[in-house]
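Have a look at the structure below, then the notes.
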Amino acid sequence: MISIYQITSVRFFALLLAVSAMTACQSGSDEVAGAGSDSPNSKTATAVHSKPAAPADAARTSPGKPSAPINIDYEIMGTPVIGVPLSINVRVSSALDQPVTVNYRINDTTSLMFTDAQSERVSLVPVGDETFSAEQVTVIPQREGRLFLNVSAEIETELGMMAKVMAIPIQVGSFRPTPQVNGELITGDDGEALISMPAKEE
Amino acid sequence: MGSIYQHSRRKTVGIGIHLLLLTGAVALSACGGGGGTPASSPPVNRMPTVSAGADQSVAEMTVVNLNGSGSDPDAGDTLTFAWTQTAGQSVTINNANTANADFMAPDVAAGAPEVLTFQLSVSDGNGGNATDTTDVTVQEPQAMVTISGKVQYEFVPPNANCFGLNYSGIVVRPIRQATVQIVDGDTGGVIDTTVSSDAGDYSFTVAANTNVFLRVRAELIRGGANPSWNVEVRDNTANTGSPLSQRPLYVLDGAAFDSGGLPMTRDLTATTGWSGASYTGVRAAAPFSVLDTIYSMMSVILTEDSQANFQPLDAFWSVNNTTATPNGPDIDSGEIGTTFYRGDIDSLFLLGMENDDTEEFDDHVVAHEWGHYFEDNFLRSDNIGGSHGLLQALDMRLAFGEGFATAMSGIGLDDPIYCDTSGAGQGNRRVDIDIENDSVVAEGWYNEISVLNLIYDLWDTNNDGADTGSLGLGPIYDVLTGIQAVTPAFTSIFSLATELKAQNPGQAALIDGILTEHSITSADIDIYGSTEANNHGGAADVLPIYKDVQSGTTFNICSNSQFDSGRAGNKLSEHRYLRMNIPVASRYTFDIRTDAATLLLLPPDDPTDDRDQSDPDILIYRIGQIQNVFDADGFPQGLSGEANQEVFTTLNTLAAGDYVFDFNEFRYEDEQSPDPPDFPARACFDITITPVP
């Protein structure tokens with residue numbers, strides 16, 4: 001059973017490399033790490049037939065935490081450049097026949113800014129089940145690096161308000177910052193890698 | 001008015017006797033004196049307070065500090081201090097007229113500690129006095145000393161109704177069963193290792209006068225005889241050149257100190273790093289909160305299986321773990337998309353990026369994913385996974401797996417409110433589920449809300465609705481780890497409920513009542529759901545749940561994506577289940593062809609895009625095990641990409657017995673990209689399964 005997963009994964013990653021080489025846009029979706037999440041999400045000009053993991057293997061990867069019945073997909077239009085407005089097509093769909101409120105947020109204001117005309121909260125009414133409602137959001141990169149536009153989509157349900165959140169990574173230039181370390185990276189006396197975090201002592 | 005009052009009081013406090021002060025003030029007031037001073041209560045001197053400090057144990061012939069303090073509620077009073085010794089071998093007190101004094105501890109006999117008592121008196125100069133005492137135990141320094149205390153972490157609970165985390169309500173919890181070490185502060189070598197108690201207590205005996213520090217490792221390790229476990233919390237985004245199992249482990253380090261010559265208490269707390277508006281410090285509490293949730297979950301299993309052997313589990317949490325996932329989960333960068341469990345490496349991956357989505361204090365989320373670990377290692381799970389949302393009509397195996405994991409989070413944490421927060425300042429609600437009481441319109445065997453509510457109600461002791469009793473965890477655990485693990489059907493609410501009723505006939509009425517409450521047919525229920533009548537409001541291709549198949553007979557069956565917003569291929573009626581008994585061992589030929597009516601609905605065939613043609617797939621199961629084997633091209637039989645048909649003869653002999661087949665149209669999980677070809681939402685097939693002569 002494991003070998004099914006491995007083989008299909010290899011097929012997928014080879015495919016993914018090809019797709020990446022061909023596409024000029026950055027795109028993504030909120031598909032999660034489960035069976036089916038390996039599928040590329042942009043149409044290609046070549047025959048595509050990537051099989052997901054077989055069910056027994058998929059069971060060994062959870063589909064991700066319980067989530068609102070909303071899908072968020074996006075496509076970055078063009079190459080991000082400092083100071084140049086960048087459009088991102090955000091598509092939202094829901095399994096429920098309810099309006100979806102979409103919020104855009106920039107956590108690091110030194111990284112991106114909204115254009116003056118950009119609304120940070122919009123309401124979308126899905127046309128129907130399985131149909132994406134499209135929305136274009138425009139931001140202006142302020143520096144190089146891996147920048148994030150945070151999107152949340154809220155919907156009223158029988159269980160109350162639920163939200164789906166997704167960060168859209170915007171790669172400006174080639175600089176990719178080193179991931180933060182929550183503490184100090186040290187080596188233990190036996191060579192073990194540790195992250196040392198300070199305690200409050202009393 | 002205040003200044004007049006104070007001025008007046010200062011003029012009279014010299015009397016020094018409160019009664020006289022009061023009498024005089026009253027007399028002044030009665031004469032109308034004070035011009036504008038209200039005829040209110042006369043000034044009263046209030047008593048100062050004093051503390052002589054905590055009791056101490058000290059070594060002989062060392063300078064001992066007496067750390068006193070005092071305060072007075074009346075502004076302007078000047079406090080004077082006086083230390084005196086009231087018991088024990090006499091010593092000379094230095095700076096006896098200050099709050100902080102000291103003395104030289106006397107020489108005492110070995111094994112005969114002496115207690116010296118000191119009194120601190122404070123006077124406010126206006127007749128107010130207060131005293132306090134402290135004991136100092138003097139003893140011979142020891143060659144080995146005991147260092148003990150508590151290790152604990154700060155936990156941030158959610159706000160009411162799950163609208164974000166409540167940083168004003170932080171509570172301190174013990175770090176339970178974690179590895180605690182005392183480390184040589186000069187060499188970094190570990191001197192000794194212990195495990196904290198369930199109260200967070202630890203204790204070491206180490207050489208006196210040694211430079212050391214305390215370290216708490218974010219791990220739970222219990223080896224040897226069962227029960228056993230090995231849980232570690234690591235950062236997946238650091239040292240990415242190393243295998244995941246060697247990525248850095250989080251540790252909580254105290255400051256270095258001299259072990260001295262006497263017993264010492266040192267408490268270590270892992271703090272949140274929250275400064276009021278954002279995380280500005282190290283988020284030390286996070287790994288330990290994750291760890292403690294996992295310990296809670298293991299603990300509830302141990303109540304049913306005291307000899308449980310938990311397979312090693314790594315929990316990967318990082319401040320870089322974000323909801324971004326442009327090309328699928330990227331573990332090294334932290335762009336993992338969501339929190340999930342990976343069974344191939346027994347690992348949890350947990351979101352941690354602030355202002356995006358963090359899991360460390362969303363304990364039900366961690367517990368839910370741990371539920372998948374438990375399912376993977378202790379139970380049998382036929383969950384097909386894949387993207388989905390709450391309230392969707394799901395493949396029953398997915399609904400069962402997800403509902404079970406959420407129910408387990410409520411059971412393990414003994415808290416039915418599943419809360420998942422996110423957003424700026426961790427201030428928003430993402431998902432809020434009342435595991436006990438939530439109900440939905442479309443209840444049923446395909447709804448994870450129904451499943452989670454049903455399992456929780458069977459466990460809990462609260463009565464609500466049809467839940468008028470409790471099975472407790474034991475019977476549920478026994479079925480899940482026992483008979484359901486070898487059921488010939490797929491694992492679902494049907495296999496659980498059927499076996500629960502069979503093994504607990506006295507509780508059949510309770511089980512039936514709760515099933516009925518969730519729109520699941522209880523009468524004559526069996527593991528295949530053969531009597532199920534709920535077809536989600538009359539939807540096509542939902543019932544029967546399993547189609548009985550006879551070899552050699554051609555039948556037609558449809559895969560229907562009617563409930564699949566997002567085309568994940570895991571919703572109700574997309575996978576169809578077939579059931580067949582093979583009386584004699586044989587190889588079998590499966591002949592599956594897209595039927596004529598469906599072919600007419602397919603879009604024109606574009607040879608450069610295979611998504612416009614049908615792709616039927618079939619998997620063969622016997623007692624939960626896939627029987628498909630790989631063909632000469634290294635691809636499993638039954639899952640080829642051949643257009644509009646799947647025809648193959650098994651390379652292996654299928655032994656006699658009961659089988660179930662999982663049949664589906666692969667296009668419904670292959671068309672997630674925008675603008676797919678206009679493929680029909682329902683595809684039907686003619687299927688013939690025949691033994692090879």
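In the structure tokens, each chain is lettered A, B, ... as it comes, each chain's residues begin at 1, and ligands are numbered from 1 in order of appearance.
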Neighbour list for Leu350 in chain B as a list in words, cut-off 7 Å, only C-alpha atoms, skip fewer than 4 positions in-chain = Phe316, Trp317, Asn321, Thr339, Phe340 and Glu359 of chain B
Include N, CA and C atoms and write out the residues we just selected as a PDB file, in the first residue's frame.
```
ATOM      1  N   PHE B 316       5.367  18.492  15.148  1.00  0.00           N
ATOM      2  CA  PHE B 316       6.165  19.575  14.577  1.00  0.00           C
ATOM      3  C   PHE B 316       5.364  20.873  14.663  1.00  0.00           C
ATOM      4  N   TRP B 317       5.880  21.766  15.453  1.00  0.00           N
ATOM      5  CA  TRP B 317       5.259  23.082  15.626  1.00  0.00           C
ATOM      6  C   TRP B 317       6.336  24.128  15.363  1.00  0.00           C
ATOM      7  N   ASN B 321       5.080  27.986  10.675  1.00  0.00           N
ATOM      8  CA  ASN B 321       4.057  27.144  10.058  1.00  0.00           C
ATOM      9  C   ASN B 321       2.807  27.965   9.771  1.00  0.00           C
ATOM     10  N   THR B 339      -3.161  22.287   9.680  1.00  0.00           N
ATOM     11  CA  THR B 339      -2.673  21.313  10.651  1.00  0.00           C
ATOM     12  C   THR B 339      -3.121  19.923  10.231  1.00  0.00           C
ATOM     13  N   PHE B 340      -2.212  18.959  10.292  1.00  0.00           N
ATOM     14  CA  PHE B 340      -2.583  17.622   9.842  1.00  0.00           C
ATOM     15  C   PHE B 340      -1.677  16.583  10.469  1.00  0.00           C
ATOM     16  N   GLU B 359      -1.971  26.929  16.716  1.00  0.00           N
ATOM     17  CA  GLU B 359      -2.706  25.804  17.294  1.00  0.00           C
ATOM     18  C   GLU B 359      -2.349  25.512  18.744  1.00  0.00           C
TER      19      GLU B 359
END
```
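Comparing the minimum interatomic distances between Gly127 in chain B and each of B:Met47, B:Ala101, B:Val300, B:Ile623, counting only C-alpha atoms, we find that B:Met47 sits nearest.
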Quiz prompt | Proximity to Asp362 in chain B - best of B:Pro505, B:Gly68, B:Pro158, B:Gly385, only C-alpha atoms | solution =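 Result for the nearest residue to Asp362 in chain B: B:Pro158.
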Write out as a compact mmCIF listing (two decimals) with C-alpha atoms, in the first residue's frame which residues come within 7 Å of Val180 in chain B when counting only C-alpha atoms, dropping same-chain ones fewer than 5 positions away.
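Wrote around05.txt, looks like this:
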```txt
# COMPACT_ATOMS: atom_id res chain seq x y z
CA THR B 193 17.57 13.38 34.30
CA THR B 194 14.15 12.84 35.79
CA VAL B 195 10.50 13.05 34.80
CA SER B 196 8.10 15.61 36.18
CA ARG B 215 16.30 22.17 31.44
CA VAL B 216 12.85 20.86 30.54
CA ARG B 217 12.72 18.96 27.29
```
Can you tell me which residues surround Met161 in chain A at a distance of at most 9 Å, considering only C-alpha atoms, apart from same-chain residues fewer than 3 positions away, and format the answer as number ranges by chain? A: 68, 154-158; B: 429-432
Write the selection just made, keeping N, CA and C atoms, as a PDB file, in the first residue's frame?
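Final output, saved to again38.pdb:
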```pdb
ATOM      1  N   ALA A  68     -14.280  25.183   7.736  1.00  0.00           N
ATOM      2  CA  ALA A  68     -15.500  25.727   7.157  1.00  0.00           C
ATOM      3  C   ALA A  68     -15.677  25.175   5.745  1.00  0.00           C
ATOM      4  N   GLU A 154     -15.477  34.289   5.669  1.00  0.00           N
ATOM      5  CA  GLU A 154     -16.410  33.943   6.751  1.00  0.00           C
ATOM      6  C   GLU A 154     -17.773  33.615   6.168  1.00  0.00           C
ATOM      7  N   ILE A 155     -18.424  32.685   6.825  1.00  0.00           N
ATOM      8  CA  ILE A 155     -19.754  32.291   6.370  1.00  0.00           C
ATOM      9  C   ILE A 155     -20.612  31.951   7.584  1.00  0.00           C
ATOM     10  N   GLU A 156     -21.876  32.329   7.518  1.00  0.00           N
ATOM     11  CA  GLU A 156     -22.819  31.957   8.577  1.00  0.00           C
ATOM     12  C   GLU A 156     -23.373  30.576   8.258  1.00  0.00           C
ATOM     13  N   THR A 157     -23.357  29.707   9.266  1.00  0.00           N
ATOM     14  CA  THR A 157     -23.822  28.343   9.064  1.00  0.00           C
ATOM     15  C   THR A 157     -24.766  27.959  10.199  1.00  0.00           C
ATOM     16  N   GLU A 158     -25.270  26.752  10.108  1.00  0.00           N
ATOM     17  CA  GLU A 158     -26.099  26.222  11.203  1.00  0.00           C
ATOM     18  C   GLU A 158     -25.321  26.166  12.507  1.00  0.00           C
TER      19      GLU A 158
ATOM     20  N   ARG B 429     -12.626  33.685  15.520  1.00  0.00           N
ATOM     21  CA  ARG B 429     -13.074  32.291  15.533  1.00  0.00           C
ATOM     22  C   ARG B 429     -12.896  31.710  14.131  1.00  0.00           C
ATOM     23  N   ARG B 430     -12.370  30.502  14.090  1.00  0.00           N
ATOM     24  CA  ARG B 430     -12.327  29.800  12.810  1.00  0.00           C
ATOM     25  C   ARG B 430     -13.444  28.754  12.783  1.00  0.00           C
ATOM     26  N   VAL B 431     -13.468  27.926  13.777  1.00  0.00           N
ATOM     27  CA  VAL B 431     -14.521  26.910  13.873  1.00  0.00           C
ATOM     28  C   VAL B 431     -14.867  26.728  15.345  1.00  0.00           C
ATOM     29  N   ASP B 432     -16.147  26.606  15.618  1.00  0.00           N
ATOM     30  CA  ASP B 432     -16.612  26.378  16.993  1.00  0.00           C
ATOM     31  C   ASP B 432     -17.667  25.273  16.924  1.00  0.00           C
TER      32      ASP B 432
END
```
- Task: Just the residues within 9 Å of Asp235 in chain B, please, counting only C-alpha atoms, with nothing from its chain fewer than 2 positions along; format it as a ChimeraX atom specification.
- Result: /A:181-182,195 /B:233,237-239,244,247-250,315-319
TODO: Excluding range 548-550 of chain B and any residue of its chain fewer than 2 positions from it, enumerate the residues within 8 Å of it, using only C-alpha atoms, and give them as a ChimeraX atom specification.
DONE: /B:546,552-553,578-581,689
When DSSP is applied to the backbone of this structure, which of range 332-488 of chain B are assigned alpha helix (DSSP H)? Write them out as a ChimeraX atom specification. /B:363-378,396-413,448-459,473-481
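For range 447-460 of chain B, the residues within 7 Å (counting only C-alpha atoms, excluding itself and residues fewer than 4 positions away along the chain) are Leu391, Gln392, Ala393, Leu394, Ala399, Phe400, Glu402, Gly403, Phe404, Thr406, Ala407, Ile411, Ile435, Glu436, Glu443, Asp467, Ser470, Leu471, Gly472, Leu473, Ile493, Ile514 and His518 of chain B.
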